[in-house]
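*Asks:* Enclosed is the structure file final-v4.txt (compact mmCIF, C-alpha atoms).
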# COMPACT_ATOMS: atom_id res chain seq x y z
CA MET A 805 121.91 100.69 94.14
CA GLY A 806 123.64 97.99 96.19
CA GLN A 807 124.33 94.49 95.01
CA SER A 808 122.48 91.37 96.07
CA SER A 809 124.59 88.23 95.68
CA ILE A 810 122.61 85.09 94.92
CA THR A 811 124.32 81.70 94.81
CA VAL A 812 122.59 79.42 92.35
CA VAL A 813 123.05 76.03 90.75
CA ASP A 814 123.53 75.80 87.02
CA PRO A 815 121.73 72.61 85.89
CA ASN A 816 123.94 72.39 82.81
CA TYR A 817 127.18 72.21 84.78
CA ASN A 818 125.98 70.94 88.16
CA ASN A 819 128.20 73.22 90.20
CA ASN A 820 127.74 76.40 92.21
CA TYR A 821 128.42 79.84 90.83
CA SER A 822 127.59 83.37 91.95
CA ARG A 823 125.44 85.73 89.96
CA GLN A 824 125.33 89.41 90.84
CA SER A 825 121.91 91.03 90.51
CA SER A 826 121.32 94.61 91.55
CA ALA A 827 118.90 95.17 94.42
CA GLN A 828 116.71 97.13 92.01
CA GLU A 829 116.53 94.22 89.56
CA VAL A 830 115.55 91.81 92.33
CA GLU A 831 112.91 94.25 93.59
CA GLU A 832 111.45 94.56 90.10
CA GLN A 833 111.21 90.78 89.80
CA ILE A 834 109.41 90.57 93.15
CA LYS A 835 106.93 93.28 92.14
CA ARG A 836 106.34 91.57 88.81
CA ALA A 837 105.61 88.25 90.55
CA PHE A 838 103.08 90.01 92.77
CA LYS A 839 101.30 91.73 89.90
CA GLN A 840 101.13 88.54 87.82
CA ALA A 841 99.45 86.67 90.68
CA SER A 842 97.34 89.58 91.89
CA PRO A 843 96.13 91.98 89.19
CA GLN A 844 93.78 93.62 91.71
CA GLY A 845 96.58 94.44 94.13
CA ARG A 846 95.48 91.99 96.81
CA LEU A 847 97.23 88.66 97.10
CA THR A 848 94.76 86.10 98.44
CA ARG A 849 95.71 82.76 99.92
CA ASP A 850 94.94 80.82 96.73
CA LYS A 851 97.19 83.12 94.68
CA PHE A 852 100.01 83.40 97.21
CA ASN A 853 101.33 79.97 96.28
CA GLU A 854 101.61 81.09 92.66
CA ALA A 855 103.47 84.24 93.68
CA LEU A 856 106.07 82.16 95.55
CA GLY A 857 107.37 81.14 92.14
CA ILE A 858 109.65 84.17 92.57
CA PHE A 859 112.10 81.96 94.44
CA GLU A 860 112.45 79.58 91.51
CA SER A 861 112.71 82.48 89.06
CA ILE A 862 115.86 83.66 90.82
CA GLN A 863 117.02 80.04 91.18
CA LEU A 864 116.42 79.57 94.89
CA LYS A 865 114.67 76.60 96.48
CA ARG A 866 111.08 75.90 95.56
CA LEU A 867 108.59 76.88 98.26
CA ARG A 868 105.42 76.49 96.21
CA ASP A 869 103.08 73.69 97.35
CA THR A 870 104.96 73.14 100.60
CA PRO A 871 103.84 73.50 104.23
CA LEU A 872 106.22 76.44 104.44
CA ALA A 873 104.16 78.25 101.79
CA ASP A 874 100.97 78.15 103.86
CA LYS A 875 102.85 79.23 106.99
CA LEU A 876 104.47 82.11 105.11
CA TYR A 877 101.08 83.40 104.05
CA GLN A 878 100.00 83.59 107.68
CA LEU A 879 103.26 85.34 108.57
CA PHE A 880 103.03 87.93 105.80
CA ASP A 881 99.37 88.72 106.42
CA LYS A 882 100.24 90.77 109.49
CA THR A 883 96.92 92.60 109.62
CA GLU A 884 94.97 89.33 109.24
CA GLU A 885 92.76 90.92 106.60
CA GLY A 886 92.70 87.79 104.47
CA TYR A 887 95.02 89.13 101.80
CA ILE A 888 98.60 90.38 101.39
CA THR A 889 99.37 93.83 100.04
CA GLU A 890 102.19 94.54 97.62
CA LYS A 891 104.12 96.26 100.42
CA GLU A 892 103.77 93.24 102.75
CA TYR A 893 104.80 90.88 99.95
CA LEU A 894 107.77 93.01 98.87
CA GLU A 895 109.04 93.44 102.43
CA GLY A 896 108.57 89.76 103.28
CA ILE A 897 110.22 88.32 100.17
CA THR A 898 113.08 90.84 100.23
CA THR A 899 113.77 89.97 103.86
CA LEU A 900 113.87 86.25 103.05
CA ILE A 901 116.27 86.79 100.18
CA ASN A 902 118.68 89.07 102.04
CA ASN A 903 118.48 88.31 105.76
CA LYS A 904 119.49 84.81 106.84
CA ASP A 905 118.96 85.56 110.54
CA LYS A 906 115.36 86.52 109.80
CA ARG A 907 114.95 83.24 107.92
CA ILE A 908 115.66 81.36 111.14
CA ILE A 909 113.27 83.57 113.12
CA TYR A 910 110.54 83.13 110.51
CA SER A 911 111.08 79.37 110.45
CA PHE A 912 110.73 79.20 114.23
CA GLN A 913 107.56 81.28 114.20
CA MET A 914 106.01 79.10 111.50
CA ILE A 915 106.58 75.83 113.37
CA ASP A 916 105.63 77.28 116.78
CA LYS A 917 101.95 76.68 116.15
CA ASN A 918 100.60 77.86 119.52
CA LYS A 919 102.91 80.91 119.63
CA ASP A 920 104.35 80.23 123.11
CA ASN A 921 107.96 80.88 121.99
CA LYS A 922 108.92 77.21 122.16
CA ILE A 923 108.48 74.24 119.85
CA GLU A 924 107.19 71.07 121.45
CA PHE A 925 107.92 67.71 119.86
CA GLN A 926 104.38 67.34 118.52
CA GLU A 927 104.57 70.69 116.75
CA PHE A 928 107.92 69.72 115.26
CA TYR A 929 106.73 66.29 114.18
CA ASP A 930 103.47 67.57 112.70
CA PHE A 931 105.39 70.01 110.52
CA VAL A 932 107.87 67.36 109.36
CA LYS A 933 105.03 64.92 108.70
CA ASP A 934 103.15 67.48 106.57
CA SER A 935 106.36 68.14 104.65
CA TRP A 936 106.92 64.40 104.15
CA LEU A 937 103.43 63.86 102.77
CA SER A 938 103.71 66.95 100.56
CA ALA A 939 107.00 65.72 99.12
CA PHE A 940 105.49 62.40 98.04
CA ARG A 941 102.34 64.07 96.75
CA LEU A 942 104.48 66.28 94.54
CA LEU A 943 106.61 63.31 93.53
CA GLY A 944 103.46 61.45 92.52
CA GLU A 945 102.30 64.38 90.41
CA LYS A 946 105.69 64.49 88.73
CA VAL A 947 105.86 60.75 88.06
CA CYS A 948 102.26 60.33 86.95
CA SER A 949 102.36 63.32 84.61
CA GLY A 950 105.16 61.72 82.58
CA GLN A 951 105.56 58.33 80.92
CA ASN A 952 105.21 56.69 84.34
CA GLN A 953 107.44 53.70 83.66
CA TYR A 954 106.79 52.54 87.22
CA GLN A 955 103.06 52.01 86.56
CA LEU A 956 102.20 53.74 89.81
CA THR A 957 99.19 55.87 90.69
CA GLN A 958 99.12 58.92 92.90
CA SER A 959 97.09 57.05 95.49
CA LYS A 960 99.67 54.24 95.69
CA ILE A 961 102.50 56.70 96.23
CA ASN A 962 100.50 58.54 98.87
CA ALA A 963 99.66 55.25 100.59
CA TRP A 964 103.33 54.24 100.68
CA ALA A 965 104.24 57.59 102.27
CA GLN A 966 101.50 57.14 104.86
CA GLY A 967 102.80 53.66 105.62
CA GLN A 968 106.22 55.07 106.51
CA LEU A 969 104.97 57.49 109.17
CA ASN A 970 105.88 55.25 112.09
CA LYS A 971 109.51 55.12 110.92
CA LEU A 972 109.45 58.84 110.31
CA TYR A 973 108.16 59.44 113.84
CA VAL A 974 111.11 57.56 115.33
CA GLN A 975 113.63 59.42 113.17
CA VAL A 976 112.14 62.80 114.00
CA GLN A 977 112.07 61.95 117.69
CA GLU A 978 115.79 61.08 117.62
CA ILE A 979 116.67 64.35 115.92
CA PHE A 980 114.47 66.38 118.24
CA MET A 981 115.88 64.82 121.41
CA LYS A 982 119.44 65.24 120.14
CA PHE A 983 119.01 69.01 120.15
CA ALA A 984 116.35 69.50 122.83
CA GLN A 985 118.17 66.96 125.04
CA GLN A 986 116.49 66.83 128.47
CA SER A 987 113.98 69.53 127.59
CA SER A 988 110.61 68.69 126.10
CA SER A 989 110.83 71.60 123.67
CA MET A 990 113.12 73.71 121.50
CA ASP A 991 113.56 77.34 122.45
CA PRO A 992 114.81 79.83 119.81
CA ILE A 993 118.46 79.18 120.73
CA VAL A 994 118.17 75.38 120.44
CA PHE A 995 116.14 75.75 117.25
CA ARG A 996 118.91 77.89 115.74
CA GLN A 997 121.46 75.22 116.67
CA TRP A 998 119.42 72.63 114.77
CA VAL A 999 119.06 74.85 111.71
CA MET A 1000 122.74 75.78 111.63
CA SER A 1001 123.79 72.13 111.99
CA ASN A 1002 122.32 71.40 108.54
CA GLU A 1003 121.11 68.08 109.94
CA PHE A 1004 117.74 66.87 108.67
CA GLY A 1005 117.05 70.15 106.92
CA PHE A 1006 114.80 68.80 104.15
CA ILE A 1007 112.61 65.92 103.02
CA LYS A 1008 113.59 64.23 99.78
CA ALA A 1009 111.17 61.95 97.96
CA GLU A 1010 112.78 59.83 95.25
CA LEU A 1011 111.69 57.29 92.68
CA GLY A 1012 114.27 56.28 90.09
CA ASN A 1013 115.57 59.44 88.47
CA ASP A 1014 112.65 61.53 89.74
CA SER A 1015 112.96 63.41 93.01
CA VAL A 1016 111.32 66.22 94.96
CA GLN A 1017 112.92 68.11 97.83
CA ILE A 1018 110.92 69.95 100.49
CA PRO A 1019 112.83 72.27 102.87
CA LEU A 1020 112.06 72.08 106.59
CA HIS A 1021 113.29 75.61 107.23
CA LEU A 1022 114.19 78.70 105.25
CA TYR A 1023 117.85 79.12 106.14
CA ARG A 1024 119.51 77.50 103.13
CA LEU A 1025 117.33 78.74 100.28
CA GLU A 1026 120.40 79.02 98.02
CA GLU A 1027 121.38 75.37 98.33
CA LYS A 1028 119.79 72.98 95.87
Can the structure in the file be given as structure tokens, please?
*Replies:*
Amino acid sequence: MGQSSITVVDPNYNNNYSRQSSAQEVEEQIKRAFKQASPQGRLTRDKFNEALGIFESIQLKRLRDTPLADKLYQLFDKTEEGYITEKEYLEGITTLINNKDKRIIYSFQMIDKNKDNKIEFQEFYDFVKDSWLSAFRLLGEKVCSGQNQYQLTQSKINAWAQGQLNKLYVQVQEIFMKFAQQSSSMDPIVFRQWVMSNEFGFIKAELGNDSVQIPLHLYRLEEK
């Protein structure tokens, strides 16, 4: 079998290194993740999020509990039967791991809500906003499940995130107009330029030493 090179971050040394896993080993891990989440062979929406833990198991970015997760479910469920088969899951996850061009295409399709092959500002902002709110929701869960030295509740953290939406809107608008320029939308070419620029590619929610990072696209899954 061929080799699949996965760049990961070692938390003990805090630097990048490459680990070589055979394509067969990666495929077996993907199949195992499917079977653990779906003993009946049908991966429903409520179990799909659990099955996305495969990315963390091979030390890629976390997609669980993010807006990207819900969008991926819709993308993988090609027949719109309300569940994902093992074949659909295997093909979709393998493509994301190995094909960076497809990651950009998938990311575009997931943000292009009305499927008109262009991303208007409102579609772009809505996706970023959902990612922003998800990041602080997850941060709240992380902080409140521990010793919580900050004496904060989940509702207070959520409220703070909501209170920052006006500032977020302005920031997103600046980024969008920088790439869309005079156009009112991003076509696939402009979208690719934004993704490849690595500018504003994720949302990071921080409180003290606790942080949560939510990716805004799929291109840099290897980068922590």
*Asks:* Quick one: residues within 12 Å of A:Phe859, all atoms listed in the file counted, chain neighbours fewer than 2 positions away excluded, as a ChimeraX atom specification?
*Replies:* /A:810,812,830,833-834,837,853-857,861-868,873,897-898,900-901,1022,1025-1026,1028
*Asks:* What does the distance from atom CA of A:Gln878 to atom CA of A:Arg907 come to in Å, to one decimal?
*Replies:* 15.0 Å
*Asks:* Report, in Å to a single decimal, how far apart atom CA of A:Arg941 and atom CA of A:Met1000 are.
*Replies:*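 Rounded to one decimal, the two atoms are 27.8 Å apart.
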*Asks:* When distances are computed from all atoms listed in the file, which of A:Asp905, A:Glu1027, A:Glu831, A:Glu1010 shows the smallest separation from A:Val947?
*Replies:*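 Comparing A:Asp905, A:Glu1027, A:Glu831, A:Glu1010 against A:Val947, the winner is A:Glu1010.
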*Asks:* Pick the closest to A:Val1016 from A:Thr957, A:Gln966, A:Gln926, A:Thr870: which is it, counting only C-alpha atoms?
*Replies:*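 Residue with the minimum atom-to-atom distance to A:Val1016: A:Thr870.
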*Asks:* Figure out the distance between atom CA of A:Arg846 and atom CA of A:Thr889, please, to one decimal in Å.
*Replies:*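 Going from atom CA of A:Thr889 over to atom CA of A:Arg846, I get 5.4 Å.
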*Asks:* Taking the point (99.2, 87.0, 93.3) as given in the file, collect each protein or nucleic acid residue that comes within 12 Å of it, counting only C-alpha atoms, and present the set as a ChimeraX atom specification.
*Replies:* /A:834-858,877,887-890,893-894
*Asks:* What's around A:Pro871 at 8 Å? Count all atoms listed in the file, leave out sequence neighbours fewer than 4 positions away in its own chain, and write the answer as an NGL selection string.
*Replies:* :A and (875 or 931 or 934-935 or 938)
*Asks:* Name the closest residue to A:Lys904 among the candidates A:Ser1015, A:Val999, A:Ser988, A:Ala1009; distances are taken between atoms, counting only C-alpha atoms.
*Replies:*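 Ranking A:Ser1015, A:Val999, A:Ser988, A:Ala1009 by distance to A:Lys904, first place goes to A:Val999.
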*Asks:* Find the residues near A:Ile908: any atom within 9 Å, counting only C-alpha atoms, skip ones fewer than 4 places away on the same chain, and give them as a PDB file with C-alpha atoms, in the frame of the given file.
*Replies:*
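So the final result, stored in result18.pdb, reads:
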ATOM      1  CA  LYS A 904     119.490  84.810 106.840  1.00  0.00           C
ATOM      2  CA  PHE A 912     110.730  79.200 114.230  1.00  0.00           C
ATOM      3  CA  GLN A 913     107.560  81.280 114.200  1.00  0.00           C
ATOM      4  CA  PRO A 992     114.810  79.830 119.810  1.00  0.00           C
ATOM      5  CA  PHE A 995     116.140  75.750 117.250  1.00  0.00           C
ATOM      6  CA  ARG A 996     118.910  77.890 115.740  1.00  0.00           C
ATOM      7  CA  VAL A 999     119.060  74.850 111.710  1.00  0.00           C
ATOM      8  CA  HIS A1021     113.290  75.610 107.230  1.00  0.00           C
ATOM      9  CA  LEU A1022     114.190  78.700 105.250  1.00  0.00           C
ATOM     10  CA  TYR A1023     117.850  79.120 106.140  1.00  0.00           C
TER      11      TYR A1023
END
*Asks:* Check the smallest atom-to-atom distance from each of A:Asp881, A:Trp964, A:Lys933, A:Gly950 to A:Val976 using all atoms listed in the file, then report the winner.
*Replies:*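 For A:Val976, the nearest of the given residues is A:Lys933.
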*Asks:* Tell me which of A:Ile915, A:Leu956, A:Ala827, A:Leu876 sits closest to A:Asp991, counting all atoms listed in the file.
*Replies:*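 The answer is A:Ile915, which sits nearest to A:Asp991.
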*Asks:* Find, counting all atoms listed in the file, the residue in A:Ser1001, A:Leu942, A:Trp936, A:Lys982 that gets nearest to A:Gln968.
*Replies:*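 Selected residue with least distance to A:Gln968: A:Trp936.
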*Asks:* Using C-alpha atoms, give me stretch 827-974 of chain A from the structure I just pasted, as a PDB file, in the first residue's frame.
*Replies:*
ATOM      1  CA  ALA A 827      -3.001   4.118   3.690  1.00  0.00           C
ATOM      2  CA  GLN A 828      -4.357   0.806   4.955  1.00  0.00           C
ATOM      3  CA  GLU A 829      -3.824   1.793   8.599  1.00  0.00           C
ATOM      4  CA  VAL A 830      -5.606   5.108   8.060  1.00  0.00           C
ATOM      5  CA  GLU A 831      -8.483   3.349   6.296  1.00  0.00           C
ATOM      6  CA  GLU A 832      -8.834   0.905   9.184  1.00  0.00           C
ATOM      7  CA  GLN A 833      -9.010   3.783  11.664  1.00  0.00           C
ATOM      8  CA  ILE A 834     -11.719   5.479   9.599  1.00  0.00           C
ATOM      9  CA  LYS A 835     -13.765   2.277   9.404  1.00  0.00           C
ATOM     10  CA  ARG A 836     -13.354   1.728  13.134  1.00  0.00           C
ATOM     11  CA  ALA A 837     -14.598   5.257  13.877  1.00  0.00           C
ATOM     12  CA  PHE A 838     -17.661   4.601  11.722  1.00  0.00           C
ATOM     13  CA  LYS A 839     -18.487   1.301  13.394  1.00  0.00           C
ATOM     14  CA  GLN A 840     -18.061   2.728  16.899  1.00  0.00           C
ATOM     15  CA  ALA A 841     -20.526   5.533  16.153  1.00  0.00           C
ATOM     16  CA  SER A 842     -22.878   3.446  14.027  1.00  0.00           C
ATOM     17  CA  PRO A 843     -23.218  -0.215  15.031  1.00  0.00           C
ATOM     18  CA  GLN A 844     -26.195  -0.574  12.669  1.00  0.00           C
ATOM     19  CA  GLY A 845     -24.230   0.587   9.638  1.00  0.00           C
ATOM     20  CA  ARG A 846     -26.097   3.869   9.232  1.00  0.00           C
ATOM     21  CA  LEU A 847     -24.537   7.044  10.522  1.00  0.00           C
ATOM     22  CA  THR A 848     -27.313   9.435  11.547  1.00  0.00           C
ATOM     23  CA  ARG A 849     -26.867  13.147  12.096  1.00  0.00           C
ATOM     24  CA  ASP A 850     -26.679  12.834  15.896  1.00  0.00           C
ATOM     25  CA  LYS A 851     -23.896  10.222  15.625  1.00  0.00           C
ATOM     26  CA  PHE A 852     -21.957  11.896  12.818  1.00  0.00           C
ATOM     27  CA  ASN A 853     -20.446  14.414  15.219  1.00  0.00           C
ATOM     28  CA  GLU A 854     -19.096  11.554  17.331  1.00  0.00           C
ATOM     29  CA  ALA A 855     -17.594   9.881  14.265  1.00  0.00           C
ATOM     30  CA  LEU A 856     -15.690  13.064  13.392  1.00  0.00           C
ATOM     31  CA  GLY A 857     -13.442  12.248  16.339  1.00  0.00           C
ATOM     32  CA  ILE A 858     -11.370  10.419  13.703  1.00  0.00           C
ATOM     33  CA  PHE A 859      -9.601  13.694  12.944  1.00  0.00           C
ATOM     34  CA  GLU A 860      -8.412  14.073  16.526  1.00  0.00           C
ATOM     35  CA  SER A 861      -7.420  10.409  16.700  1.00  0.00           C
ATOM     36  CA  ILE A 862      -4.922  10.977  13.896  1.00  0.00           C
ATOM     37  CA  GLN A 863      -3.949  14.333  15.432  1.00  0.00           C
ATOM     38  CA  LEU A 864      -5.625  16.656  12.953  1.00  0.00           C
ATOM     39  CA  LYS A 865      -7.790  19.641  13.852  1.00  0.00           C
ATOM     40  CA  ARG A 866     -10.956  19.064  15.825  1.00  0.00           C
ATOM     41  CA  LEU A 867     -14.123  19.312  13.743  1.00  0.00           C
ATOM     42  CA  ARG A 868     -16.548  17.931  16.317  1.00  0.00           C
ATOM     43  CA  ASP A 869     -19.139  20.429  17.609  1.00  0.00           C
ATOM     44  CA  THR A 870     -18.313  23.006  14.949  1.00  0.00           C
ATOM     45  CA  PRO A 871     -20.458  24.515  12.171  1.00  0.00           C
ATOM     46  CA  LEU A 872     -18.219  22.656   9.732  1.00  0.00           C
ATOM     47  CA  ALA A 873     -19.392  19.360  11.245  1.00  0.00           C
ATOM     48  CA  ASP A 874     -23.048  20.016  10.445  1.00  0.00           C
ATOM     49  CA  LYS A 875     -22.171  21.189   6.938  1.00  0.00           C
ATOM     50  CA  LEU A 876     -20.045  18.091   6.344  1.00  0.00           C
ATOM     51  CA  TYR A 877     -22.966  15.851   7.229  1.00  0.00           C
ATOM     52  CA  GLN A 878     -25.070  17.507   4.549  1.00  0.00           C
ATOM     53  CA  LEU A 879     -22.207  17.154   2.068  1.00  0.00           C
ATOM     54  CA  PHE A 880     -21.578  13.473   2.784  1.00  0.00           C
ATOM     55  CA  ASP A 881     -25.261  12.518   2.712  1.00  0.00           C
ATOM     56  CA  LYS A 882     -25.320  12.698  -1.080  1.00  0.00           C
ATOM     57  CA  THR A 883     -28.514  10.687  -1.451  1.00  0.00           C
ATOM     58  CA  GLU A 884     -30.291  12.801   1.202  1.00  0.00           C
ATOM     59  CA  GLU A 885     -31.608   9.649   2.861  1.00  0.00           C
ATOM     60  CA  GLY A 886     -31.055  11.021   6.356  1.00  0.00           C
ATOM     61  CA  TYR A 887     -28.036   8.864   7.110  1.00  0.00           C
ATOM     62  CA  ILE A 888     -24.492   8.254   5.851  1.00  0.00           C
ATOM     63  CA  THR A 889     -23.328   4.834   4.723  1.00  0.00           C
ATOM     64  CA  GLU A 890     -19.912   3.427   5.527  1.00  0.00           C
ATOM     65  CA  LYS A 891     -18.887   3.905   1.892  1.00  0.00           C
ATOM     66  CA  GLU A 892     -19.932   7.592   1.913  1.00  0.00           C
ATOM     67  CA  TYR A 893     -18.134   8.161   5.215  1.00  0.00           C
ATOM     68  CA  LEU A 894     -14.964   6.358   4.117  1.00  0.00           C
ATOM     69  CA  GLU A 895     -14.807   8.195   0.791  1.00  0.00           C
ATOM     70  CA  GLY A 896     -15.532  11.576   2.367  1.00  0.00           C
ATOM     71  CA  ILE A 897     -13.047  11.329   5.234  1.00  0.00           C
ATOM     72  CA  THR A 898     -10.316   9.813   3.055  1.00  0.00           C
ATOM     73  CA  THR A 899     -10.734  12.651   0.565  1.00  0.00           C
ATOM     74  CA  LEU A 900     -10.431  15.253   3.325  1.00  0.00           C
ATOM     75  CA  ILE A 901      -7.286  13.656   4.681  1.00  0.00           C
ATOM     76  CA  ASN A 902      -5.516  13.246   1.339  1.00  0.00           C
ATOM     77  CA  ASN A 903      -6.815  15.881  -1.076  1.00  0.00           C
ATOM     78  CA  LYS A 904      -6.195  19.521  -0.135  1.00  0.00           C
ATOM     79  CA  ASP A 905      -7.792  20.852  -3.329  1.00  0.00           C
ATOM     80  CA  LYS A 906     -11.007  19.019  -2.444  1.00  0.00           C
ATOM     81  CA  ARG A 907     -10.866  20.582   1.018  1.00  0.00           C
ATOM     82  CA  ILE A 908     -11.156  24.016  -0.575  1.00  0.00           C
ATOM     83  CA  ILE A 909     -14.003  22.879  -2.835  1.00  0.00           C
ATOM     84  CA  TYR A 910     -15.851  21.315   0.099  1.00  0.00           C
ATOM     85  CA  SER A 911     -15.340  24.447   2.199  1.00  0.00           C
ATOM     86  CA  PHE A 912     -16.798  26.611  -0.568  1.00  0.00           C
ATOM     87  CA  GLN A 913     -19.796  24.326  -0.995  1.00  0.00           C
ATOM     88  CA  MET A 914     -20.496  24.345   2.740  1.00  0.00           C
ATOM     89  CA  ILE A 915     -20.535  28.142   3.040  1.00  0.00           C
ATOM     90  CA  ASP A 916     -22.441  28.668  -0.234  1.00  0.00           C
ATOM     91  CA  LYS A 917     -25.774  28.156   1.484  1.00  0.00           C
ATOM     92  CA  ASN A 918     -28.049  28.811  -1.510  1.00  0.00           C
ATOM     93  CA  LYS A 919     -25.853  26.802  -3.913  1.00  0.00           C
ATOM     94  CA  ASP A 920     -25.517  29.523  -6.575  1.00  0.00           C
ATOM     95  CA  ASN A 921     -21.733  29.019  -6.930  1.00  0.00           C
ATOM     96  CA  LYS A 922     -20.895  32.275  -5.171  1.00  0.00           C
ATOM     97  CA  ILE A 923     -20.650  33.342  -1.543  1.00  0.00           C
ATOM     98  CA  GLU A 924     -22.384  36.580  -0.645  1.00  0.00           C
ATOM     99  CA  PHE A 925     -21.242  38.575   2.362  1.00  0.00           C
ATOM    100  CA  GLN A 926     -24.228  37.511   4.469  1.00  0.00           C
ATOM    101  CA  GLU A 927     -23.493  33.831   3.861  1.00  0.00           C
ATOM    102  CA  PHE A 928     -19.863  34.401   4.787  1.00  0.00           C
ATOM    103  CA  TYR A 929     -20.696  36.392   7.904  1.00  0.00           C
ATOM    104  CA  ASP A 930     -23.367  33.946   9.086  1.00  0.00           C
ATOM    105  CA  PHE A 931     -20.872  31.103   8.918  1.00  0.00           C
ATOM    106  CA  VAL A 932     -18.174  33.063  10.769  1.00  0.00           C
ATOM    107  CA  LYS A 933     -20.711  34.181  13.374  1.00  0.00           C
ATOM    108  CA  ASP A 934     -21.858  30.589  13.993  1.00  0.00           C
ATOM    109  CA  SER A 935     -18.216  29.561  14.343  1.00  0.00           C
ATOM    110  CA  TRP A 936     -17.559  32.437  16.768  1.00  0.00           C
ATOM    111  CA  LEU A 937     -20.487  31.496  18.986  1.00  0.00           C
ATOM    112  CA  SER A 938     -19.538  27.809  18.856  1.00  0.00           C
ATOM    113  CA  ALA A 939     -15.986  28.601  19.917  1.00  0.00           C
ATOM    114  CA  PHE A 940     -17.128  30.443  23.039  1.00  0.00           C
ATOM    115  CA  ARG A 941     -19.748  27.814  23.822  1.00  0.00           C
ATOM    116  CA  LEU A 942     -17.027  25.168  23.759  1.00  0.00           C
ATOM    117  CA  LEU A 943     -14.712  27.417  25.764  1.00  0.00           C
ATOM    118  CA  GLY A 944     -17.444  27.815  28.369  1.00  0.00           C
ATOM    119  CA  GLU A 945     -17.898  24.058  28.592  1.00  0.00           C
ATOM    120  CA  LYS A 946     -14.161  23.645  29.037  1.00  0.00           C
ATOM    121  CA  VAL A 947     -13.828  26.355  31.683  1.00  0.00           C
ATOM    122  CA  CYS A 948     -16.943  25.446  33.653  1.00  0.00           C
ATOM    123  CA  SER A 949     -16.126  21.731  33.720  1.00  0.00           C
ATOM    124  CA  GLY A 950     -12.869  22.417  35.567  1.00  0.00           C
ATOM    125  CA  GLN A 951     -12.018  24.337  38.727  1.00  0.00           C
ATOM    126  CA  ASN A 952     -13.382  27.501  37.093  1.00  0.00           C
ATOM    127  CA  GLN A 953     -11.068  29.953  38.823  1.00  0.00           C
ATOM    128  CA  TYR A 954     -12.754  32.746  36.869  1.00  0.00           C
ATOM    129  CA  GLN A 955     -16.122  32.154  38.582  1.00  0.00           C
ATOM    130  CA  LEU A 956     -17.900  32.385  35.248  1.00  0.00           C
ATOM    131  CA  THR A 957     -21.017  30.598  34.042  1.00  0.00           C
ATOM    132  CA  GLN A 958     -21.717  29.314  30.566  1.00  0.00           C
ATOM    133  CA  SER A 959     -24.442  31.910  30.115  1.00  0.00           C
ATOM    134  CA  LYS A 960     -22.056  34.768  30.975  1.00  0.00           C
ATOM    135  CA  ILE A 961     -19.492  33.560  28.460  1.00  0.00           C
ATOM    136  CA  ASN A 962     -22.174  33.161  25.806  1.00  0.00           C
ATOM    137  CA  ALA A 963     -23.507  36.638  26.573  1.00  0.00           C
ATOM    138  CA  TRP A 964     -20.036  38.161  26.215  1.00  0.00           C
ATOM    139  CA  ALA A 965     -19.618  36.472  22.822  1.00  0.00           C
ATOM    140  CA  GLN A 966     -23.000  37.784  21.712  1.00  0.00           C
ATOM    141  CA  GLY A 967     -22.013  41.268  22.824  1.00  0.00           C
ATOM    142  CA  GLN A 968     -18.999  41.220  20.496  1.00  0.00           C
ATOM    143  CA  LEU A 969     -20.961  40.490  17.315  1.00  0.00           C
ATOM    144  CA  ASN A 970     -20.975  44.089  16.121  1.00  0.00           C
ATOM    145  CA  LYS A 971     -17.168  44.193  16.252  1.00  0.00           C
ATOM    146  CA  LEU A 972     -17.016  40.813  14.583  1.00  0.00           C
ATOM    147  CA  TYR A 973     -19.284  42.042  11.789  1.00  0.00           C
ATOM    148  CA  VAL A 974     -16.923  44.923  11.019  1.00  0.00           C
TER     149      VAL A 974
END
